[in-house]
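Remarks on the structure that follows.
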Amino acid sequence: MKIYSRVIALIIILVLLVGCASNVELCVDAVGTMEVRVFGIGRSDAILITTENHTVMIDTGEIQHGQYIAHYLFEQGITTIDYLVITHFDSDHVGGAYVIINEIDVISVIVPNYSRESNHVDRFESALEDADIEPLILTETMRFTFDSAEFIIDSSALEYFHFAREQDTYQDDAAADEATQPTGDDYSIIVSVTHGDNSFLFTGDAVAGRLQELLENDEIMNINYDFLKVPRHGRHNRQSVDFIQAISPQYAVITGFHPDSLSQYYPERPTDERIIDALGHIGTEIFFTMSIGVLAVSDGVELTLQYIDFFDVVRSVE
């Protein structure tokens, strides 16, 4: 029965998309609007995806960002998150999660297939327990459709691994490329979203091994992506350029600082010029979330991006 329902749904979507070719207004009405907000919180990830009736959040920034994000959601009338996806357990991706879970009705949480000992993970796990949420540990590809947005949630192929506190340390790019033991970045969950004619790829902090997995993933690579959330805040690894060339997005968002303004903030973690050059070579328009957010709006046909300060409303009422 489930297979039959999915076939019928697919046929309906195909009929609507065929209609788009001859009637743009029909497509817009049928597909509706999807918005992607990449919050402007410096070198951290927090991304909100909203369709007409559903909300998905990818990562939550650092601990200090959680309250701003929760307040913003309330200001927008968003009181429920259908899926909260934690791509991996670095503090700049999971740090604010406990606030979101405490303040917002989160229905389901998806996490990668590894564990890590840290204070921010402890807070996250305590919040899950208090909210009586059993997280889904992603070990295989997950697919679902919200309104007309088709989601693919892709897991790393690596076996489960546990990182003790003293083992989970920062690695520079060269060390990460040569490492024989995985890091949390290697387990980054990848989120692909297709909305009508527009497609989006969110890559967490995927490093070389994880990007190689994507390059070999026919389901992911057969989609023509318009929007790329650049992996690992624009840092370079041995697969970065090949990956960017294979995706060839129209727009790219880097959750971090432009290299010209970076040195005083994160001198050891730059947005690499090789990433900027690779994107520039294929004509990609690049957005940086150094201190301001990015709003992407898809109506199923057109895709527009603009800078916007999502927290301006929050600050004005505090």
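Chain labels A, B, ... are given in the sequence in which chains occur in the structure tokens; within each chain residues are numbered consecutively from 1, and ligands are likewise numbered from 1 in the order shown.
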Surrounding residues of Arg116 of chain A excluding itself and chain neighbours under 3 positions, 9 Å, only C-alpha atoms, as a PyMOL selection string: chain A and resi 89-90+121+161-165+168+184
Save out the residues we just selected, C-alpha atoms, as a PDB file, in the first residue's frame.
ATOM      1  CA  PHE A  89      28.696  17.174  16.943  1.00  0.00           C
ATOM      2  CA  ASP A  90      31.125  20.105  16.673  1.00  0.00           C
ATOM      3  CA  VAL A 121      26.930  17.240  23.494  1.00  0.00           C
ATOM      4  CA  PHE A 161      33.072   5.483  16.202  1.00  0.00           C
ATOM      5  CA  HIS A 162      33.346   6.990  19.687  1.00  0.00           C
ATOM      6  CA  PHE A 163      35.444  10.102  20.240  1.00  0.00           C
ATOM      7  CA  ALA A 164      36.714  10.680  23.762  1.00  0.00           C
ATOM      8  CA  ARG A 165      37.271  14.267  24.880  1.00  0.00           C
ATOM      9  CA  ASP A 168      38.598  15.078  19.494  1.00  0.00           C
ATOM     10  CA  GLY A 184      33.434  14.073  13.320  1.00  0.00           C
TER      11      GLY A 184
END
Please identify all polymer residues within 9 Å of Asp185 of chain A, counting only C-alpha atoms, omitting same-chain residues fewer than 6 positions from it, and present them as a PDB file with N, CA, C and O atoms, in the first residue's frame.
ATOM      1  N   THR A  87      24.210  17.790  11.760  1.00  0.00           N
ATOM      2  CA  THR A  87      25.090  17.143  10.786  1.00  0.00           C
ATOM      3  C   THR A  87      26.258  16.430  11.450  1.00  0.00           C
ATOM      4  O   THR A  87      26.692  15.377  10.998  1.00  0.00           O
ATOM      5  N   HIS A  88      26.790  17.020  12.532  1.00  0.00           N
ATOM      6  CA  HIS A  88      27.840  16.387  13.327  1.00  0.00           C
ATOM      7  C   HIS A  88      27.937  17.161  14.636  1.00  0.00           C
ATOM      8  O   HIS A  88      27.250  18.168  14.822  1.00  0.00           O
ATOM      9  N   PHE A  89      28.768  16.690  15.565  1.00  0.00           N
ATOM     10  CA  PHE A  89      28.696  17.174  16.943  1.00  0.00           C
ATOM     11  C   PHE A  89      29.728  18.239  17.308  1.00  0.00           C
ATOM     12  O   PHE A  89      30.016  18.430  18.489  1.00  0.00           O
ATOM     13  N   ASP A  90      30.275  18.962  16.342  1.00  0.00           N
ATOM     14  CA  ASP A  90      31.125  20.105  16.673  1.00  0.00           C
ATOM     15  C   ASP A  90      30.266  21.200  17.297  1.00  0.00           C
ATOM     16  O   ASP A  90      29.088  21.357  16.954  1.00  0.00           O
ATOM     17  N   GLY A 204      27.259  20.270   5.538  1.00  0.00           N
ATOM     18  CA  GLY A 204      27.880  20.246   6.854  1.00  0.00           C
ATOM     19  C   GLY A 204      29.342  20.643   6.791  1.00  0.00           C
ATOM     20  O   GLY A 204      29.715  21.627   6.142  1.00  0.00           O
ATOM     21  N   ASP A 205      30.187  19.852   7.456  1.00  0.00           N
ATOM     22  CA  ASP A 205      31.637  20.077   7.430  1.00  0.00           C
ATOM     23  C   ASP A 205      32.343  18.939   6.701  1.00  0.00           C
ATOM     24  O   ASP A 205      33.445  18.517   7.078  1.00  0.00           O
ATOM     25  N   ALA A 206      31.709  18.409   5.655  1.00  0.00           N
ATOM     26  CA  ALA A 206      32.269  17.263   4.937  1.00  0.00           C
ATOM     27  C   ALA A 206      33.700  17.533   4.480  1.00  0.00           C
ATOM     28  O   ALA A 206      33.989  18.575   3.881  1.00  0.00           O
ATOM     29  N   VAL A 207      34.586  16.588   4.787  1.00  0.00           N
ATOM     30  CA  VAL A 207      35.984  16.675   4.362  1.00  0.00           C
ATOM     31  C   VAL A 207      36.213  15.703   3.206  1.00  0.00           C
ATOM     32  O   VAL A 207      35.268  15.165   2.628  1.00  0.00           O
ATOM     33  N   ARG A 210      34.461  12.208   2.896  1.00  0.00           N
ATOM     34  CA  ARG A 210      33.006  12.336   2.791  1.00  0.00           C
ATOM     35  C   ARG A 210      32.623  12.905   1.423  1.00  0.00           C
ATOM     36  O   ARG A 210      31.621  12.481   0.829  1.00  0.00           O
ATOM     37  N   ARG A 232      32.458  22.820   5.226  1.00  0.00           N
ATOM     38  CA  ARG A 232      33.481  23.184   6.219  1.00  0.00           C
ATOM     39  C   ARG A 232      33.889  24.655   6.172  1.00  0.00           C
ATOM     40  O   ARG A 232      35.067  24.997   6.253  1.00  0.00           O
TER      41      ARG A 232
END
Segment 248-253 of chain A environment, 8 Å, only C-alpha atoms, sequence neighbours closer than 2 positions dropped, as a VMD selection string: chain A and resid 224 to 230 244 to 246 255 279 282 to 289 294
Could those residues be written to a file, using N, CA and C atoms, as a PDB file, in the first residue's frame?
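So again-v5.pdb came out as:
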ATOM      1  N   ASN A 224      20.951  18.383 -10.549  1.00  0.00           N
ATOM      2  CA  ASN A 224      21.614  19.637 -10.921  1.00  0.00           C
ATOM      3  C   ASN A 224      21.331  20.680  -9.837  1.00  0.00           C
ATOM      4  N   TYR A 225      22.331  20.923  -8.997  1.00  0.00           N
ATOM      5  CA  TYR A 225      22.123  21.798  -7.849  1.00  0.00           C
ATOM      6  C   TYR A 225      22.316  23.262  -8.217  1.00  0.00           C
ATOM      7  N   ASP A 226      21.345  24.073  -7.804  1.00  0.00           N
ATOM      8  CA  ASP A 226      21.426  25.519  -7.980  1.00  0.00           C
ATOM      9  C   ASP A 226      22.125  26.181  -6.797  1.00  0.00           C
ATOM     10  N   PHE A 227      22.036  25.554  -5.625  1.00  0.00           N
ATOM     11  CA  PHE A 227      22.472  26.154  -4.356  1.00  0.00           C
ATOM     12  C   PHE A 227      23.373  25.159  -3.631  1.00  0.00           C
ATOM     13  N   LEU A 228      24.542  25.620  -3.209  1.00  0.00           N
ATOM     14  CA  LEU A 228      25.459  24.789  -2.425  1.00  0.00           C
ATOM     15  C   LEU A 228      25.841  25.505  -1.143  1.00  0.00           C
ATOM     16  N   LYS A 229      25.613  24.839  -0.015  1.00  0.00           N
ATOM     17  CA  LYS A 229      26.204  25.297   1.235  1.00  0.00           C
ATOM     18  C   LYS A 229      27.598  24.680   1.263  1.00  0.00           C
ATOM     19  N   VAL A 230      28.612  25.513   1.070  1.00  0.00           N
ATOM     20  CA  VAL A 230      29.981  25.041   0.876  1.00  0.00           C
ATOM     21  C   VAL A 230      30.454  24.286   2.112  1.00  0.00           C
ATOM     22  N   ILE A 244      33.397  20.925  -6.150  1.00  0.00           N
ATOM     23  CA  ILE A 244      32.766  22.167  -6.591  1.00  0.00           C
ATOM     24  C   ILE A 244      32.516  22.132  -8.095  1.00  0.00           C
ATOM     25  N   GLN A 245      33.493  21.651  -8.860  1.00  0.00           N
ATOM     26  CA  GLN A 245      33.332  21.574 -10.306  1.00  0.00           C
ATOM     27  C   GLN A 245      32.221  20.598 -10.684  1.00  0.00           C
ATOM     28  N   ALA A 246      32.093  19.508  -9.948  1.00  0.00           N
ATOM     29  CA  ALA A 246      31.053  18.519 -10.245  1.00  0.00           C
ATOM     30  C   ALA A 246      29.662  19.070  -9.930  1.00  0.00           C
ATOM     31  N   THR A 255      29.452  29.651   5.220  1.00  0.00           N
ATOM     32  CA  THR A 255      29.155  30.073   6.590  1.00  0.00           C
ATOM     33  C   THR A 255      30.468  30.468   7.264  1.00  0.00           C
ATOM     34  N   LEU A 279      34.973  28.419  -7.309  1.00  0.00           N
ATOM     35  CA  LEU A 279      33.601  28.876  -7.496  1.00  0.00           C
ATOM     36  C   LEU A 279      33.533  29.993  -8.544  1.00  0.00           C
ATOM     37  N   ILE A 282      33.592  28.897 -12.300  1.00  0.00           N
ATOM     38  CA  ILE A 282      32.367  28.388 -12.919  1.00  0.00           C
ATOM     39  C   ILE A 282      31.229  29.415 -12.850  1.00  0.00           C
ATOM     40  N   GLY A 283      31.555  30.629 -12.385  1.00  0.00           N
ATOM     41  CA  GLY A 283      30.578  31.712 -12.407  1.00  0.00           C
ATOM     42  C   GLY A 283      29.581  31.699 -11.261  1.00  0.00           C
ATOM     43  N   THR A 284      29.912  31.036 -10.172  1.00  0.00           N
ATOM     44  CA  THR A 284      29.016  30.963  -9.023  1.00  0.00           C
ATOM     45  C   THR A 284      28.990  32.286  -8.261  1.00  0.00           C
ATOM     46  N   GLU A 285      27.805  32.714  -7.871  1.00  0.00           N
ATOM     47  CA  GLU A 285      27.666  33.896  -7.020  1.00  0.00           C
ATOM     48  C   GLU A 285      27.808  33.454  -5.563  1.00  0.00           C
ATOM     49  N   ILE A 286      28.737  34.059  -4.825  1.00  0.00           N
ATOM     50  CA  ILE A 286      29.089  33.608  -3.478  1.00  0.00           C
ATOM     51  C   ILE A 286      28.516  34.564  -2.441  1.00  0.00           C
ATOM     52  N   PHE A 287      27.925  33.987  -1.392  1.00  0.00           N
ATOM     53  CA  PHE A 287      27.412  34.742  -0.254  1.00  0.00           C
ATOM     54  C   PHE A 287      28.145  34.281   0.999  1.00  0.00           C
ATOM     55  N   PHE A 288      28.548  35.237   1.848  1.00  0.00           N
ATOM     56  CA  PHE A 288      29.214  34.941   3.119  1.00  0.00           C
ATOM     57  C   PHE A 288      28.306  35.332   4.275  1.00  0.00           C
ATOM     58  N   THR A 289      28.202  34.470   5.279  1.00  0.00           N
ATOM     59  CA  THR A 289      27.355  34.776   6.443  1.00  0.00           C
ATOM     60  C   THR A 289      28.198  35.255   7.615  1.00  0.00           C
ATOM     61  N   VAL A 294      21.503  34.939   4.984  1.00  0.00           N
ATOM     62  CA  VAL A 294      21.143  34.830   3.574  1.00  0.00           C
ATOM     63  C   VAL A 294      19.774  34.164   3.485  1.00  0.00           C
TER      64      VAL A 294
END
A:Asp277, A:Glu216, A:Asp309, A:Glu52 ranked by distance to Asp147 of chain A, top pick (using only C-alpha atoms):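 Checking each of A:Asp277, A:Glu216, A:Asp309, A:Glu52 against Asp147 of chain A, counting only C-alpha atoms, the winner is A:Glu52.
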Strand (DSSP E or B) per DSSP on the backbone: members of segment 137-301 of chain A, as a PyMOL selection string: chain A and resi 137+142-146+149-154+161-163+190-195+198-202+227-229+251-254+285-288+293-298
Distance in Å - atom CA of Ser240 of chain A versus atom CA of Gln306 of chain A: 25.1 Å
Point-to-point distance from atom CA of Phe124 of chain A to atom CA of Tyr98 of chain A, Å rounded to tenths: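 So the two atoms, atom CA of Phe124 of chain A and atom CA of Tyr98 of chain A, lie 4.7 Å apart.
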Residues near segment 131-139 of chain A, cut-off 9 Å, only C-alpha atoms, skip fewer than 5 positions along chain, as a list in words: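 Returned residues: Ile101, Asn102, Asp105, Val106, Ile107, Ser108, Val109, Ile110, Val111, Pro112, Asn113, Tyr114, Ser126, Ile153, Asp154, Ser155, Ser156, Ala157, Leu158, Glu159, Tyr160 and Ile189 of chain A.
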Distance query Ile104 of chain A at most 8 Å, only C-alpha atoms, self and fewer than 4 positions along chain excluded, as a list in words: Ala70, Thr79, Thr80, Ile81 and Ile100 of chain A
Take the residues just selected and output them with all heavy atoms as a PDB file, in the first residue's frame.
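This is the output file selection23.pdb:
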ATOM      1  N   ALA A  70      15.907  30.743  18.590  1.00  0.00           N
ATOM      2  CA  ALA A  70      14.596  30.400  19.155  1.00  0.00           C
ATOM      3  C   ALA A  70      13.678  31.608  19.170  1.00  0.00           C
ATOM      4  O   ALA A  70      12.487  31.513  18.838  1.00  0.00           O
ATOM      5  CB  ALA A  70      14.773  29.834  20.563  1.00  0.00           C
ATOM      6  N   THR A  79       6.481  27.487  15.751  1.00  0.00           N
ATOM      7  CA  THR A  79       6.506  26.855  17.073  1.00  0.00           C
ATOM      8  C   THR A  79       6.833  25.371  17.004  1.00  0.00           C
ATOM      9  O   THR A  79       6.999  24.737  18.050  1.00  0.00           O
ATOM     10  CB  THR A  79       5.142  27.028  17.771  1.00  0.00           C
ATOM     11  OG1 THR A  79       4.111  26.468  16.950  1.00  0.00           O
ATOM     12  CG2 THR A  79       4.842  28.511  17.994  1.00  0.00           C
ATOM     13  N   THR A  80       6.934  24.822  15.792  1.00  0.00           N
ATOM     14  CA  THR A  80       7.217  23.394  15.627  1.00  0.00           C
ATOM     15  C   THR A  80       8.287  23.190  14.575  1.00  0.00           C
ATOM     16  O   THR A  80       8.256  23.825  13.509  1.00  0.00           O
ATOM     17  CB  THR A  80       5.945  22.621  15.216  1.00  0.00           C
ATOM     18  OG1 THR A  80       4.940  22.783  16.212  1.00  0.00           O
ATOM     19  CG2 THR A  80       6.249  21.137  15.036  1.00  0.00           C
ATOM     20  N   ILE A  81       9.233  22.308  14.861  1.00  0.00           N
ATOM     21  CA  ILE A  81      10.226  21.868  13.880  1.00  0.00           C
ATOM     22  C   ILE A  81       9.974  20.389  13.622  1.00  0.00           C
ATOM     23  O   ILE A  81      10.012  19.577  14.548  1.00  0.00           O
ATOM     24  CB  ILE A  81      11.662  22.096  14.390  1.00  0.00           C
ATOM     25  CG1 ILE A  81      11.950  23.599  14.521  1.00  0.00           C
ATOM     26  CG2 ILE A  81      12.683  21.438  13.460  1.00  0.00           C
ATOM     27  CD1 ILE A  81      13.293  23.912  15.145  1.00  0.00           C
ATOM     28  N   ILE A 100      17.128  25.267  21.447  1.00  0.00           N
ATOM     29  CA  ILE A 100      16.052  25.053  20.468  1.00  0.00           C
ATOM     30  C   ILE A 100      15.097  23.967  20.960  1.00  0.00           C
ATOM     31  O   ILE A 100      13.871  24.124  20.920  1.00  0.00           O
ATOM     32  CB  ILE A 100      16.633  24.663  19.095  1.00  0.00           C
ATOM     33  CG1 ILE A 100      17.622  25.716  18.585  1.00  0.00           C
ATOM     34  CG2 ILE A 100      15.508  24.428  18.088  1.00  0.00           C
ATOM     35  CD1 ILE A 100      17.042  27.075  18.404  1.00  0.00           C
TER      36      ILE A 100
END
If you run DSSP on this backbone, which residues of segment 81-271 of chain A come out as helix (DSSP H, G or I), and could you give them as a compact mmCIF listing (two decimals) with N, CA and C atoms, in the first residue's frame?
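Output contents, as saved in part05.txt:
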# COMPACT_ATOMS: atom_id res chain seq x y z
N SER A 91 30.87 21.99 18.17
CA SER A 91 30.11 22.97 18.94
C SER A 91 29.45 24.02 18.05
N ASP A 92 30.06 24.34 16.89
CA ASP A 92 29.49 25.36 16.02
C ASP A 92 28.34 24.83 15.16
N HIS A 93 27.95 23.58 15.41
CA HIS A 93 26.80 22.99 14.71
C HIS A 93 25.74 22.50 15.69
N VAL A 94 26.15 22.06 16.86
CA VAL A 94 25.20 21.50 17.83
C VAL A 94 25.09 22.34 19.10
N ALA A 97 21.66 23.67 20.12
CA ALA A 97 20.55 22.71 19.96
C ALA A 97 19.72 22.56 21.23
N TYR A 98 20.39 22.58 22.39
CA TYR A 98 19.64 22.34 23.62
C TYR A 98 18.63 23.47 23.87
N VAL A 99 18.99 24.70 23.46
CA VAL A 99 18.05 25.81 23.62
C VAL A 99 16.86 25.62 22.69
N ILE A 100 17.13 25.27 21.45
CA ILE A 100 16.05 25.05 20.47
C ILE A 100 15.10 23.97 20.96
N ILE A 101 15.65 22.87 21.45
CA ILE A 101 14.82 21.76 21.92
C ILE A 101 14.02 22.15 23.15
N ASN A 102 14.61 22.96 24.02
CA ASN A 102 13.89 23.42 25.22
C ASN A 102 12.78 24.41 24.90
N GLU A 103 12.97 25.23 23.85
CA GLU A 103 12.05 26.32 23.58
C GLU A 103 11.03 26.02 22.49
N ASN A 119 31.02 18.99 26.52
CA ASN A 119 30.00 19.69 27.30
C ASN A 119 28.77 20.02 26.45
N HIS A 120 29.00 20.45 25.20
CA HIS A 120 27.86 20.83 24.37
C HIS A 120 27.04 19.61 23.96
N VAL A 121 27.69 18.47 23.78
CA VAL A 121 26.93 17.24 23.49
C VAL A 121 26.16 16.80 24.74
N ASP A 122 26.77 16.96 25.91
CA ASP A 122 26.06 16.64 27.16
C ASP A 122 24.78 17.46 27.29
N ARG A 123 24.86 18.77 27.00
CA ARG A 123 23.67 19.63 27.09
C ARG A 123 22.62 19.20 26.08
N PHE A 124 23.07 18.87 24.88
CA PHE A 124 22.16 18.41 23.82
C PHE A 124 21.44 17.13 24.24
N GLU A 125 22.19 16.17 24.76
CA GLU A 125 21.59 14.90 25.15
C GLU A 125 20.64 15.07 26.34
N SER A 126 20.98 15.96 27.26
CA SER A 126 20.08 16.22 28.39
C SER A 126 18.77 16.83 27.92
N ALA A 127 18.86 17.74 26.94
CA ALA A 127 17.65 18.37 26.40
C ALA A 127 16.78 17.33 25.70
N LEU A 128 17.41 16.41 24.96
CA LEU A 128 16.65 15.33 24.32
C LEU A 128 15.93 14.48 25.35
N GLU A 129 16.62 14.16 26.42
CA GLU A 129 16.01 13.34 27.47
C GLU A 129 14.84 14.07 28.12
N ASP A 130 15.04 15.36 28.42
CA ASP A 130 13.97 16.14 29.06
C ASP A 130 12.74 16.25 28.15
N ARG A 165 36.98 12.83 24.85
CA ARG A 165 37.27 14.27 24.88
C ARG A 165 38.68 14.58 24.41
N GLU A 166 39.66 13.84 24.91
CA GLU A 166 41.05 14.16 24.59
C GLU A 166 41.43 13.80 23.16
N GLN A 167 40.60 12.98 22.48
CA GLN A 167 40.92 12.58 21.12
C GLN A 167 40.34 13.54 20.08
N ASP A 173 44.05 21.68 7.76
CA ASP A 173 43.61 21.03 6.53
C ASP A 173 44.54 19.91 6.10
N ALA A 174 45.85 20.14 6.19
CA ALA A 174 46.80 19.12 5.77
C ALA A 174 46.70 17.88 6.66
N ALA A 175 46.56 18.10 7.98
CA ALA A 175 46.44 16.98 8.90
C ALA A 175 45.16 16.19 8.66
N ALA A 176 44.07 16.91 8.37
CA ALA A 176 42.80 16.24 8.10
C ALA A 176 42.89 15.37 6.85
N ASP A 177 43.60 15.84 5.84
CA ASP A 177 43.75 15.08 4.60
C ASP A 177 44.55 13.80 4.82
N GLU A 178 45.52 13.85 5.72
CA GLU A 178 46.41 12.71 5.94
C GLU A 178 45.97 11.81 7.08
N GLY A 184 34.87 13.88 13.43
CA GLY A 184 33.43 14.07 13.32
C GLY A 184 33.03 14.61 11.96
N ASP A 185 33.91 15.41 11.34
CA ASP A 185 33.61 15.97 10.02
C ASP A 185 33.37 14.87 8.99
N ASP A 186 34.08 13.75 9.13
CA ASP A 186 33.94 12.63 8.20
C ASP A 186 32.54 12.01 8.25
N TYR A 187 31.82 12.25 9.34
CA TYR A 187 30.49 11.69 9.52
C TYR A 187 29.37 12.67 9.16
N ALA A 208 37.48 15.47 2.86
CA ALA A 208 37.81 14.79 1.61
C ALA A 208 37.12 13.43 1.45
N GLY A 209 37.21 12.59 2.48
CA GLY A 209 36.61 11.26 2.38
C GLY A 209 35.11 11.31 2.18
N ARG A 210 34.46 12.21 2.90
CA ARG A 210 33.01 12.34 2.79
C ARG A 210 32.62 12.91 1.42
N LEU A 211 33.41 13.86 0.92
CA LEU A 211 33.12 14.41 -0.41
C LEU A 211 33.32 13.35 -1.49
N GLN A 212 34.30 12.47 -1.30
CA GLN A 212 34.50 11.39 -2.26
C GLN A 212 33.29 10.46 -2.28
N GLU A 213 32.71 10.20 -1.10
CA GLU A 213 31.49 9.40 -1.04
C GLU A 213 30.39 10.05 -1.88
N LEU A 214 30.26 11.37 -1.76
CA LEU A 214 29.22 12.08 -2.52
C LEU A 214 29.48 12.01 -4.03
N LEU A 215 30.74 12.16 -4.40
CA LEU A 215 31.08 12.10 -5.82
C LEU A 215 30.75 10.74 -6.43
N ASP A 218 25.43 8.24 -7.04
CA ASP A 218 24.70 8.60 -8.26
C ASP A 218 23.43 9.38 -7.97
N GLU A 219 22.73 9.02 -6.89
CA GLU A 219 21.48 9.71 -6.58
C GLU A 219 21.72 11.20 -6.33
N ILE A 220 22.79 11.50 -5.59
CA ILE A 220 23.12 12.89 -5.29
C ILE A 220 23.66 13.60 -6.52
N MET A 221 24.59 12.96 -7.21
CA MET A 221 25.29 13.63 -8.31
C MET A 221 24.45 13.77 -9.57
N PRO A 231 31.10 23.12 1.93
CA PRO A 231 31.54 22.34 3.08
C PRO A 231 32.56 23.08 3.95
N ARG A 232 32.46 22.82 5.23
CA ARG A 232 33.48 23.18 6.22
C ARG A 232 33.89 24.66 6.17
N HIS A 233 32.90 25.53 5.99
CA HIS A 233 33.12 26.97 6.09
C HIS A 233 34.12 27.49 5.06
N GLY A 234 34.21 26.79 3.93
CA GLY A 234 35.09 27.25 2.86
C GLY A 234 36.54 26.87 3.00
N SER A 240 38.08 19.25 -2.64
CA SER A 240 37.23 20.45 -2.70
C SER A 240 36.97 20.92 -4.12
N VAL A 241 38.02 21.10 -4.91
CA VAL A 241 37.86 21.67 -6.24
C VAL A 241 37.08 20.72 -7.15
N ASP A 242 37.41 19.43 -7.12
CA ASP A 242 36.68 18.46 -7.93
C ASP A 242 35.20 18.44 -7.57
N PHE A 243 34.92 18.54 -6.27
CA PHE A 243 33.54 18.53 -5.81
C PHE A 243 32.79 19.76 -6.30
N ILE A 244 33.40 20.92 -6.15
CA ILE A 244 32.77 22.17 -6.59
C ILE A 244 32.52 22.13 -8.10
N GLN A 245 33.49 21.65 -8.86
CA GLN A 245 33.33 21.57 -10.31
C GLN A 245 32.22 20.60 -10.68
N ALA A 246 32.09 19.51 -9.95
CA ALA A 246 31.05 18.52 -10.25
C ALA A 246 29.66 19.07 -9.93
N ILE A 247 29.54 19.85 -8.85
CA ILE A 247 28.24 20.41 -8.47
C ILE A 247 27.90 21.61 -9.35
N PRO A 259 37.81 35.89 2.96
CA PRO A 259 39.23 35.83 3.32
C PRO A 259 39.87 37.18 3.59
N ASP A 260 39.39 38.23 2.95
CA ASP A 260 39.97 39.56 3.16
C ASP A 260 39.71 40.11 4.56
N SER A 261 38.67 39.58 5.24
CA SER A 261 38.32 40.11 6.55
C SER A 261 38.49 39.07 7.65
